[in-house]
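*Asks:* As input, take input_3.json (JSON, C-alpha atoms):
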```json
[["chain", "number", "residue", "atom", "x", "y", "z"],
["A", 1, "MET", "CA", 24.57, 29.44, 4.60],
["A", 2, "THR", "CA", 21.56, 27.26, 5.02],
["A", 3, "THR", "CA", 20.80, 24.31, 2.73],
["A", 4, "THR", "CA", 17.18, 23.37, 2.31],
["A", 5, "THR", "CA", 16.23, 19.83, 1.25],
["A", 6, "THR", "CA", 12.90, 19.45, -0.43],
["A", 7, "ILE", "CA", 11.17, 16.16, 0.19],
["A", 8, "PRO", "CA", 9.02, 15.17, -2.77],
["A", 9, "SER", "CA", 5.33, 14.95, -2.04],
["A", 10, "PRO", "CA", 3.37, 11.79, -2.76],
["A", 11, "PRO", "CA", 1.60, 11.86, -6.12],
["A", 12, "GLY", "CA", -2.10, 12.34, -6.37],
["A", 13, "GLN", "CA", -4.77, 9.77, -6.94],
["A", 14, "GLY", "CA", -5.24, 7.22, -9.68],
["A", 15, "ARG", "CA", -2.72, 5.70, -12.06],
["A", 16, "HIS", "CA", 0.23, 7.84, -10.93],
["A", 17, "ARG", "CA", -0.27, 6.79, -7.33],
["A", 18, "LEU", "CA", -0.40, 3.09, -8.34],
["A", 19, "ARG", "CA", 2.78, 3.49, -10.42],
["A", 20, "TRP", "CA", 4.46, 5.20, -7.48],
["A", 21, "ALA", "CA", 3.45, 2.37, -5.13],
["A", 22, "VAL", "CA", 4.72, -0.30, -7.56],
["A", 23, "ALA", "CA", 8.06, 1.50, -8.01],
["A", 24, "ASP", "CA", 8.56, 1.84, -4.25],
["A", 25, "GLY", "CA", 7.55, -1.76, -3.67],
["A", 26, "TRP", "CA", 10.11, -2.94, -6.25],
["A", 27, "THR", "CA", 12.78, -0.81, -4.54],
["A", 28, "ILE", "CA", 12.10, -2.58, -1.24],
["A", 29, "THR", "CA", 12.10, -5.94, -3.04],
["A", 30, "ARG", "CA", 15.55, -5.27, -4.52],
["A", 31, "ARG", "CA", 16.79, -4.16, -1.10],
["A", 32, "ASP", "CA", 15.62, -7.44, 0.49],
["A", 33, "LEU", "CA", 17.12, -9.50, -2.33],
["A", 34, "ALA", "CA", 20.42, -7.62, -1.93],
["A", 35, "HIS", "CA", 20.52, -8.73, 1.73],
["A", 36, "TRP", "CA", 20.42, -12.37, 0.63],
["A", 37, "ALA", "CA", 23.06, -11.74, -2.03],
["A", 38, "ARG", "CA", 25.38, -10.40, 0.68],
["A", 39, "GLN", "CA", 24.74, -13.43, 2.91],
["A", 40, "PRO", "CA", 25.31, -16.41, 0.60],
["A", 41, "VAL", "CA", 26.32, -18.75, 3.43],
["A", 42, "GLN", "CA", 23.04, -18.19, 5.25],
["A", 43, "VAL", "CA", 21.07, -18.73, 2.04],
["A", 44, "VAL", "CA", 22.95, -21.94, 1.21],
["A", 45, "LEU", "CA", 22.46, -23.32, 4.72],
["A", 46, "GLY", "CA", 18.76, -22.54, 4.47],
["A", 47, "LEU", "CA", 18.56, -24.51, 1.22],
["A", 48, "LEU", "CA", 20.61, -27.41, 2.56],
["A", 49, "PHE", "CA", 18.33, -28.05, 5.51],
["A", 50, "PRO", "CA", 15.33, -29.44, 3.54],
["A", 51, "ILE", "CA", 17.74, -31.48, 1.41],
["A", 52, "MET", "CA", 19.15, -33.02, 4.58],
["A", 53, "VAL", "CA", 15.61, -33.89, 5.73],
["A", 54, "VAL", "CA", 14.90, -35.57, 2.37],
["A", 55, "LEU", "CA", 18.05, -37.68, 2.60],
["A", 56, "MET", "CA", 17.39, -38.59, 6.23],
["A", 57, "PHE", "CA", 13.77, -39.67, 5.77],
["A", 58, "GLY", "CA", 14.25, -41.02, 2.25],
["A", 59, "TYR", "CA", 17.26, -43.21, 2.95],
["A", 60, "LEU", "CA", 17.54, -43.71, 6.73],
["A", 61, "PHE", "CA", 13.85, -44.21, 7.58],
["A", 62, "GLY", "CA", 12.35, -44.81, 4.14],
["A", 63, "GLY", "CA", 13.18, -48.52, 4.12],
["A", 64, "GLY", "CA", 10.85, -49.07, 7.08],
["A", 65, "MET", "CA", 7.94, -47.07, 5.64],
["A", 66, "ALA", "CA", 5.07, -48.99, 4.02],
["A", 67, "LEU", "CA", 2.35, -47.02, 2.24],
["A", 68, "PRO", "CA", -1.24, -48.30, 2.72],
["A", 69, "GLY", "CA", -1.90, -47.94, -1.01],
["A", 70, "GLY", "CA", 1.57, -49.11, -2.08],
["A", 71, "GLY", "CA", 4.14, -47.16, -4.08],
["A", 72, "ASP", "CA", 7.60, -45.70, -3.67],
["A", 73, "TYR", "CA", 8.09, -43.89, -0.36],
["A", 74, "ARG", "CA", 10.36, -41.23, -1.85],
["A", 75, "GLU", "CA", 7.66, -40.25, -4.35],
["A", 76, "PHE", "CA", 5.25, -40.12, -1.42],
["A", 77, "LEU", "CA", 7.73, -38.05, 0.61],
["A", 78, "MET", "CA", 8.73, -35.32, -1.86],
["A", 79, "PRO", "CA", 5.38, -33.42, -2.03],
["A", 80, "GLY", "CA", 5.50, -33.30, 1.76],
["A", 81, "MET", "CA", 9.02, -31.87, 1.62],
["A", 82, "PHE", "CA", 7.96, -29.26, -0.93],
["A", 83, "ALA", "CA", 5.16, -28.15, 1.40],
["A", 84, "MET", "CA", 7.54, -28.23, 4.37],
["A", 85, "THR", "CA", 9.85, -25.79, 2.56],
["A", 86, "MET", "CA", 6.93, -23.44, 1.99],
["A", 87, "LEU", "CA", 5.82, -23.67, 5.63],
["A", 88, "PHE", "CA", 9.28, -23.14, 7.09],
["A", 89, "GLY", "CA", 9.63, -19.97, 5.03],
["A", 90, "ILE", "CA", 7.61, -18.25, 7.75],
["A", 91, "GLU", "CA", 10.81, -18.15, 9.84],
["A", 92, "SER", "CA", 12.78, -16.10, 7.28],
["A", 93, "THR", "CA", 9.82, -13.76, 6.76],
["A", 94, "TYR", "CA", 9.37, -13.29, 10.48],
["A", 95, "THR", "CA", 13.09, -12.73, 11.16],
["A", 96, "ALA", "CA", 13.52, -10.14, 8.39],
["A", 97, "VAL", "CA", 10.42, -8.12, 9.26],
["A", 98, "ALA", "CA", 10.98, -8.29, 13.03],
["A", 99, "THR", "CA", 14.63, -7.25, 12.64],
["A", 100, "ASP", "CA", 13.69, -4.20, 10.56],
["A", 101, "ALA", "CA", 10.96, -3.26, 13.04],
["A", 102, "SER", "CA", 13.19, -3.67, 16.13],
["A", 103, "ARG", "CA", 16.01, -1.62, 14.61],
["A", 104, "GLY", "CA", 13.73, 1.24, 13.63],
["A", 105, "ILE", "CA", 14.29, 0.67, 9.91],
["A", 106, "THR", "CA", 10.57, 0.20, 9.33],
["A", 107, "ASP", "CA", 9.86, 3.50, 11.11],
["A", 108, "ARG", "CA", 12.44, 5.23, 8.90],
["A", 109, "PHE", "CA", 10.71, 3.86, 5.81],
["A", 110, "ARG", "CA", 7.41, 5.14, 7.11],
["A", 111, "ALA", "CA", 8.92, 8.62, 7.60],
["A", 112, "MET", "CA", 10.13, 8.73, 3.98],
["A", 113, "PRO", "CA", 8.05, 10.01, 1.05],
["A", 114, "MET", "CA", 7.27, 6.53, -0.20],
["A", 115, "ALA", "CA", 4.14, 4.47, -0.63],
["A", 116, "ARG", "CA", 2.94, 3.16, 2.74],
["A", 117, "SER", "CA", 2.30, -0.26, 1.21],
["A", 118, "ALA", "CA", 5.83, -0.57, -0.22],
["A", 119, "VAL", "CA", 7.43, -2.19, 2.85],
["A", 120, "VAL", "CA", 5.01, -5.12, 3.16],
["A", 121, "VAL", "CA", 4.48, -5.52, -0.59],
["A", 122, "GLY", "CA", 8.24, -5.47, -1.22],
["A", 123, "ARG", "CA", 8.81, -8.08, 1.49],
["A", 124, "CYS", "CA", 6.04, -10.22, 0.02],
["A", 125, "ALA", "CA", 7.57, -10.12, -3.48],
["A", 126, "ALA", "CA", 11.10, -10.84, -2.22],
["A", 127, "ASP", "CA", 9.96, -13.80, -0.12],
["A", 128, "LEU", "CA", 7.99, -15.28, -3.01],
["A", 129, "LEU", "CA", 11.06, -15.07, -5.25],
["A", 130, "ASN", "CA", 13.11, -16.71, -2.51],
["A", 131, "ALA", "CA", 10.44, -19.41, -2.12],
["A", 132, "ALA", "CA", 10.48, -20.09, -5.87],
["A", 133, "LEU", "CA", 14.26, -20.55, -5.70],
["A", 134, "GLY", "CA", 13.96, -22.88, -2.71],
["A", 135, "LEU", "CA", 11.26, -24.89, -4.48],
["A", 136, "ALA", "CA", 13.45, -25.20, -7.60],
["A", 137, "VAL", "CA", 16.30, -26.54, -5.46],
["A", 138, "MET", "CA", 13.97, -29.05, -3.81],
["A", 139, "VAL", "CA", 12.67, -30.20, -7.20],
["A", 140, "GLY", "CA", 16.27, -30.79, -8.27],
["A", 141, "CYS", "CA", 16.87, -32.73, -5.06],
["A", 142, "GLY", "CA", 13.72, -34.79, -5.65],
["A", 143, "LEU", "CA", 14.72, -35.65, -9.20],
["A", 144, "ALA", "CA", 18.13, -36.72, -7.90],
["A", 145, "VAL", "CA", 16.62, -39.18, -5.39],
["A", 146, "GLY", "CA", 14.17, -40.66, -7.89],
["A", 147, "TRP", "CA", 11.05, -38.51, -7.55],
["A", 148, "ARG", "CA", 9.09, -37.87, -10.77],
["A", 149, "TRP", "CA", 5.79, -36.30, -11.71],
["A", 150, "HIS", "CA", 3.52, -38.48, -13.85],
["A", 151, "GLY", "CA", 0.48, -36.30, -14.49],
["A", 152, "GLY", "CA", 1.79, -34.11, -17.32],
["A", 153, "LEU", "CA", 3.39, -30.66, -17.32],
["A", 154, "ALA", "CA", 0.13, -28.73, -16.79],
["A", 155, "SER", "CA", -0.73, -30.76, -13.68],
["A", 156, "ALA", "CA", 2.81, -30.36, -12.38],
["A", 157, "LEU", "CA", 2.69, -26.58, -12.84],
["A", 158, "ALA", "CA", -0.66, -26.53, -11.05],
["A", 159, "GLY", "CA", 0.95, -28.42, -8.17],
["A", 160, "PHE", "CA", 3.83, -25.94, -7.96],
["A", 161, "GLY", "CA", 1.28, -23.11, -8.07],
["A", 162, "LEU", "CA", -0.54, -24.56, -5.06],
["A", 163, "LEU", "CA", 2.75, -24.74, -3.16],
["A", 164, "LEU", "CA", 3.54, -21.08, -3.87],
["A", 165, "LEU", "CA", -0.02, -20.16, -2.90],
["A", 166, "LEU", "CA", 0.60, -21.83, 0.46],
["A", 167, "ARG", "CA", 3.83, -19.84, 0.83],
["A", 168, "PHE", "CA", 1.94, -16.63, -0.03],
["A", 169, "ALA", "CA", -0.52, -17.28, 2.81],
["A", 170, "VAL", "CA", 2.23, -18.25, 5.25],
["A", 171, "LEU", "CA", 4.29, -15.14, 4.59],
["A", 172, "TRP", "CA", 1.38, -12.87, 5.54],
["A", 173, "ALA", "CA", 1.10, -14.77, 8.83],
["A", 174, "GLY", "CA", 4.83, -14.19, 9.32],
["A", 175, "ILE", "CA", 4.57, -10.47, 8.53],
["A", 176, "TYR", "CA", 1.70, -10.01, 10.97],
["A", 177, "LEU", "CA", 3.41, -11.86, 13.83],
["A", 178, "ALA", "CA", 6.66, -9.96, 13.24],
["A", 179, "LEU", "CA", 4.92, -6.57, 13.29],
["A", 180, "LEU", "CA", 2.99, -7.63, 16.37],
["A", 181, "LEU", "CA", 5.95, -8.90, 18.42],
["A", 182, "ARG", "CA", 8.84, -6.87, 16.87],
["A", 183, "ASN", "CA", 11.28, -9.27, 18.51],
["A", 184, "PRO", "CA", 13.69, -11.20, 16.22],
["A", 185, "GLU", "CA", 14.65, -13.57, 19.03],
["A", 186, "ALA", "CA", 11.07, -14.86, 19.14],
["A", 187, "VAL", "CA", 11.83, -16.83, 15.96],
["A", 188, "VAL", "CA", 12.81, -19.67, 18.33],
["A", 189, "ALA", "CA", 9.17, -19.87, 19.41],
["A", 190, "MET", "CA", 8.22, -19.87, 15.72],
["A", 191, "GLN", "CA", 10.45, -22.89, 15.14],
["A", 192, "ILE", "CA", 8.79, -24.69, 18.04],
["A", 193, "LEU", "CA", 5.37, -24.03, 16.51],
["A", 194, "VAL", "CA", 6.06, -25.03, 12.90],
["A", 195, "TRP", "CA", 7.43, -28.49, 13.68],
["A", 196, "PRO", "CA", 4.15, -29.79, 15.20],
["A", 197, "VAL", "CA", 2.30, -28.44, 12.15],
["A", 198, "LEU", "CA", 4.59, -30.56, 9.96],
["A", 199, "PHE", "CA", 4.42, -33.72, 12.04],
["A", 200, "LEU", "CA", 0.64, -33.42, 12.54],
["A", 201, "SER", "CA", 0.12, -33.71, 8.81],
["A", 202, "ASN", "CA", 0.36, -36.39, 6.12],
["A", 203, "ALA", "CA", 3.82, -35.16, 5.03],
["A", 204, "LEU", "CA", 5.84, -38.08, 6.41],
["A", 205, "VAL", "CA", 3.36, -40.84, 7.21],
["A", 206, "SER", "CA", -0.22, -41.75, 6.49],
["A", 207, "PRO", "CA", -2.85, -40.46, 8.98],
["A", 208, "GLU", "CA", -4.25, -44.01, 8.87],
["A", 209, "THR", "CA", -1.22, -45.17, 10.84],
["A", 210, "MET", "CA", -1.97, -42.68, 13.66],
["A", 211, "PRO", "CA", -4.45, -43.07, 16.53],
["A", 212, "GLY", "CA", -7.96, -42.14, 15.36],
["A", 213, "TRP", "CA", -8.24, -38.65, 16.85],
["A", 214, "LEU", "CA", -4.67, -37.78, 15.84],
["A", 215, "GLY", "CA", -5.29, -38.98, 12.29],
["A", 216, "ALA", "CA", -8.38, -36.73, 12.13],
["A", 217, "VAL", "CA", -6.27, -33.76, 13.23],
["A", 218, "ALA", "CA", -3.66, -34.60, 10.60],
["A", 219, "GLU", "CA", -6.29, -34.81, 7.88],
["A", 220, "ALA", "CA", -7.77, -31.43, 8.87],
["A", 221, "ASN", "CA", -4.34, -29.78, 8.86],
["A", 222, "PRO", "CA", -4.21, -27.18, 6.02],
["A", 223, "LEU", "CA", -0.72, -28.44, 5.19],
["A", 224, "SER", "CA", -2.19, -31.91, 4.53],
["A", 225, "ALA", "CA", -4.58, -30.45, 1.96],
["A", 226, "THR", "CA", -1.73, -28.95, -0.08],
["A", 227, "ILE", "CA", 0.33, -32.13, 0.22],
["A", 228, "SER", "CA", -2.57, -34.39, -0.83],
["A", 229, "ALA", "CA", -3.45, -32.10, -3.74],
["A", 230, "THR", "CA", 0.12, -31.96, -5.03],
["A", 231, "ARG", "CA", 0.49, -35.74, -4.74],
["A", 232, "GLU", "CA", -2.67, -36.05, -6.82],
["A", 233, "LEU", "CA", -1.48, -33.51, -9.42],
["A", 234, "PHE", "CA", 2.03, -34.98, -9.61],
["A", 235, "GLY", "CA", 0.64, -38.51, -9.89],
["A", 236, "ASN", "CA", 2.55, -39.61, -6.79],
["A", 237, "PRO", "CA", 1.38, -42.21, -4.25],
["A", 238, "GLY", "CA", -1.07, -40.87, -1.71],
["A", 239, "TRP", "CA", -1.97, -42.14, 1.71],
["A", 240, "GLY", "CA", -4.88, -44.23, 0.38],
["A", 241, "GLY", "CA", -7.63, -42.68, 2.51],
["A", 242, "ASP", "CA", -11.21, -42.08, 1.36],
["A", 243, "SER", "CA", -12.22, -39.31, 3.73],
["A", 244, "TRP", "CA", -14.01, -36.10, 2.67],
["A", 245, "THR", "CA", -10.77, -34.11, 3.01],
["A", 246, "GLY", "CA", -8.92, -36.64, 0.86],
["A", 247, "ARG", "CA", -11.55, -36.49, -1.90],
["A", 248, "HIS", "CA", -11.56, -32.67, -1.95],
["A", 249, "ALA", "CA", -7.86, -32.07, -1.49],
["A", 250, "VAL", "CA", -7.43, -29.69, -4.44],
["A", 251, "ALA", "CA", -10.37, -27.52, -3.38],
["A", 252, "LEU", "CA", -9.06, -27.41, 0.20],
["A", 253, "ALA", "CA", -5.54, -26.63, -1.05],
["A", 254, "LEU", "CA", -7.03, -23.55, -2.71],
["A", 255, "GLY", "CA", -9.42, -22.68, 0.11],
["A", 256, "TRP", "CA", -7.09, -22.83, 3.11],
["A", 257, "PRO", "CA", -4.44, -20.41, 1.75],
["A", 258, "VAL", "CA", -7.14, -18.03, 0.54],
["A", 259, "LEU", "CA", -8.74, -18.08, 4.00],
["A", 260, "LEU", "CA", -5.40, -17.56, 5.78],
["A", 261, "THR", "CA", -4.54, -14.69, 3.43],
["A", 262, "ALA", "CA", -7.96, -13.13, 3.99],
["A", 263, "ILE", "CA", -7.25, -13.18, 7.72],
["A", 264, "PHE", "CA", -3.59, -12.19, 7.94],
["A", 265, "LEU", "CA", -3.22, -9.74, 5.04],
["A", 266, "PRO", "CA", -5.71, -7.20, 6.49],
["A", 267, "LEU", "CA", -4.28, -7.78, 9.98],
["A", 268, "SER", "CA", -0.75, -7.09, 8.65],
["A", 269, "VAL", "CA", -1.80, -3.91, 6.88],
["A", 270, "ARG", "CA", -3.70, -2.73, 9.95],
["A", 271, "ARG", "CA", -0.78, -3.52, 12.26],
["A", 272, "TYR", "CA", 1.63, -1.71, 9.93],
["A", 273, "ARG", "CA", -0.55, 1.41, 10.03],
["A", 274, "GLN", "CA", -0.70, 1.23, 13.85],
["A", 275, "LEU", "CA", 3.05, 0.96, 14.47],
["A", 276, "ASP", "CA", 3.15, 4.53, 15.76],
["A", 277, "HIS", "CA", 0.52, 3.83, 18.41]]
```
How does this structure look as structure tokens?

*Replies:*
Amino acid sequence: MTTTTTIPSPPGQGRHRLRWAVADGWTITRRDLAHWARQPVQVVLGLLFPIMVVLMFGYLFGGGMALPGGGDYREFLMPGMFAMTMLFGIESTYTAVATDASRGITDRFRAMPMARSAVVVGRCAADLLNAALGLAVMVGCGLAVGWRWHGGLASALAGFGLLLLLRFAVLWAGIYLALLLRNPEAVVAMQILVWPVLFLSNALVSPETMPGWLGAVAEANPLSATISATRELFGNPGWGGDSWTGRHAVALALGWPVLLTAIFLPLSVRRYRQLDH
């Protein structure tokens, strides 16, 4: 006796196809969230790391930090730590996507009657939810060490929105690199790359305290734009500079993530479609 399994065909064009893609994307999102739920220790350790950095710089080194414009160093530090959490999320995105690709799970998804966009869209949604959780934990940590926002709730929400926009751009860079390399062990190289991006920014110290050329690099760093903009929106002390990048920090904090997304989102989609080649 022979059993025949009928694989459902993809729906046609228009609204049904969009609904099908959304449903499949949500299925992948729930699958990725379930992985974190089954690995609570890994999730907790990932959340503890930025808290440890806050305590180390806020209490061990903070006493020796003097801001050019004055103000509390911990209020200066926290927007930088928020942005750091968003930047470092590239490692979790890269590891998850590269692991699925190296184990053939991505190829199995592609062989199933599901929307082709579901894998990357589902990963994007899951990582943004994870980033929102990490940001909430960091806000709680900041409030515990004395950080406050002073610009009103609307400005604070705008600041958090800019941070999530940065994470959105970073995750597409992570997806593209993971699909390109398909090697989970290469996350070590990713860790080596993200640290200079953090230190060559205004997250921890003012660019005015750096040598001239290094300060210019730090000011041009896209991470610095998000940090400066969130300091401005939160009403926290800034680094006191009067450069063009400092005066247009909010515009740059919008522009850089949009530019990075415009580059890496199409590259990710193209790379995903070329996995068979």

*Asks:* Contacts between stretch 218-225 of chain A and stretch 28-143 of chain A, please, where a residue of stretch 28-143 of chain A counts if it comes within 10 Å (with all atoms listed in the file); show its shortest atom pair and distance in Å to one decimal, rows by chain and ascending number, as a Markdown table.

*Replies:*
```
| residue | atom | partner | partner_atom | distance |
| --- | --- | --- | --- | --- |
| A:Gly80 | CA | A:Ser224 | CA | 8.3 |
| A:Ala83 | CA | A:Leu223 | CA | 7.0 |
| A:Met84 | CA | A:Leu223 | CA | 8.3 |
| A:Met86 | CA | A:Leu223 | CA | 9.7 |
| A:Leu87 | CA | A:Leu223 | CA | 8.1 |
```

*Asks:* Write out as number ranges by chain the residues lying within 8 Å of A:Trp20, counting only C-alpha atoms and excluding same-chain residues fewer than 4 positions away.

*Replies:* A: 11, 16, 24, 114-115

*Asks:* Taking (-3.6, -17.6, 4.9) in the file's own coordinates, collect the residues within 12 Å, counting only C-alpha atoms, and hand them back as a PyMOL selection string.

*Replies:* chain A and resi 87+90+164-176+222-223+253-268

*Asks:* Counting all atoms listed in the file, which of A:Cys141, A:Leu33, A:Leu128, A:Ala21 gets nearest to A:Met52?

*Replies:* A:Cys141

*Asks:* So that I can see what lies close to A:Gly122, please list as a PyMOL selection string the residues with an atom at most 12 Å from it, counting only C-alpha atoms and leaving out residues fewer than 2 positions away in the same chain.

*Replies:* chain A and resi 21-33+93+96-97+109+115-120+124-129+171+175

*Asks:* Mind dumping the selected residues with C-alpha atoms as a short mmCIF file (atom, residue, chain, number, x, y, z; two decimals), in the frame of the given file?

*Replies:*
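Written output follows (result14.cif):
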```cif
data_model
loop_
_atom_site.label_atom_id
_atom_site.label_comp_id
_atom_site.auth_asym_id
_atom_site.auth_seq_id
_atom_site.Cartn_x
_atom_site.Cartn_y
_atom_site.Cartn_z
CA ALA A 21 3.45 2.37 -5.13
CA VAL A 22 4.72 -0.30 -7.56
CA ALA A 23 8.06 1.50 -8.01
CA ASP A 24 8.56 1.84 -4.25
CA GLY A 25 7.55 -1.76 -3.67
CA TRP A 26 10.11 -2.94 -6.25
CA THR A 27 12.78 -0.81 -4.54
CA ILE A 28 12.10 -2.58 -1.24
CA THR A 29 12.10 -5.94 -3.04
CA ARG A 30 15.55 -5.27 -4.52
CA ARG A 31 16.79 -4.16 -1.10
CA ASP A 32 15.62 -7.44 0.49
CA LEU A 33 17.12 -9.50 -2.33
CA THR A 93 9.82 -13.76 6.76
CA ALA A 96 13.52 -10.14 8.39
CA VAL A 97 10.42 -8.12 9.26
CA PHE A 109 10.71 3.86 5.81
CA ALA A 115 4.14 4.47 -0.63
CA ARG A 116 2.94 3.16 2.74
CA SER A 117 2.30 -0.26 1.21
CA ALA A 118 5.83 -0.57 -0.22
CA VAL A 119 7.43 -2.19 2.85
CA VAL A 120 5.01 -5.12 3.16
CA CYS A 124 6.04 -10.22 0.02
CA ALA A 125 7.57 -10.12 -3.48
CA ALA A 126 11.10 -10.84 -2.22
CA ASP A 127 9.96 -13.80 -0.12
CA LEU A 128 7.99 -15.28 -3.01
CA LEU A 129 11.06 -15.07 -5.25
CA LEU A 171 4.29 -15.14 4.59
CA ILE A 175 4.57 -10.47 8.53
#
```
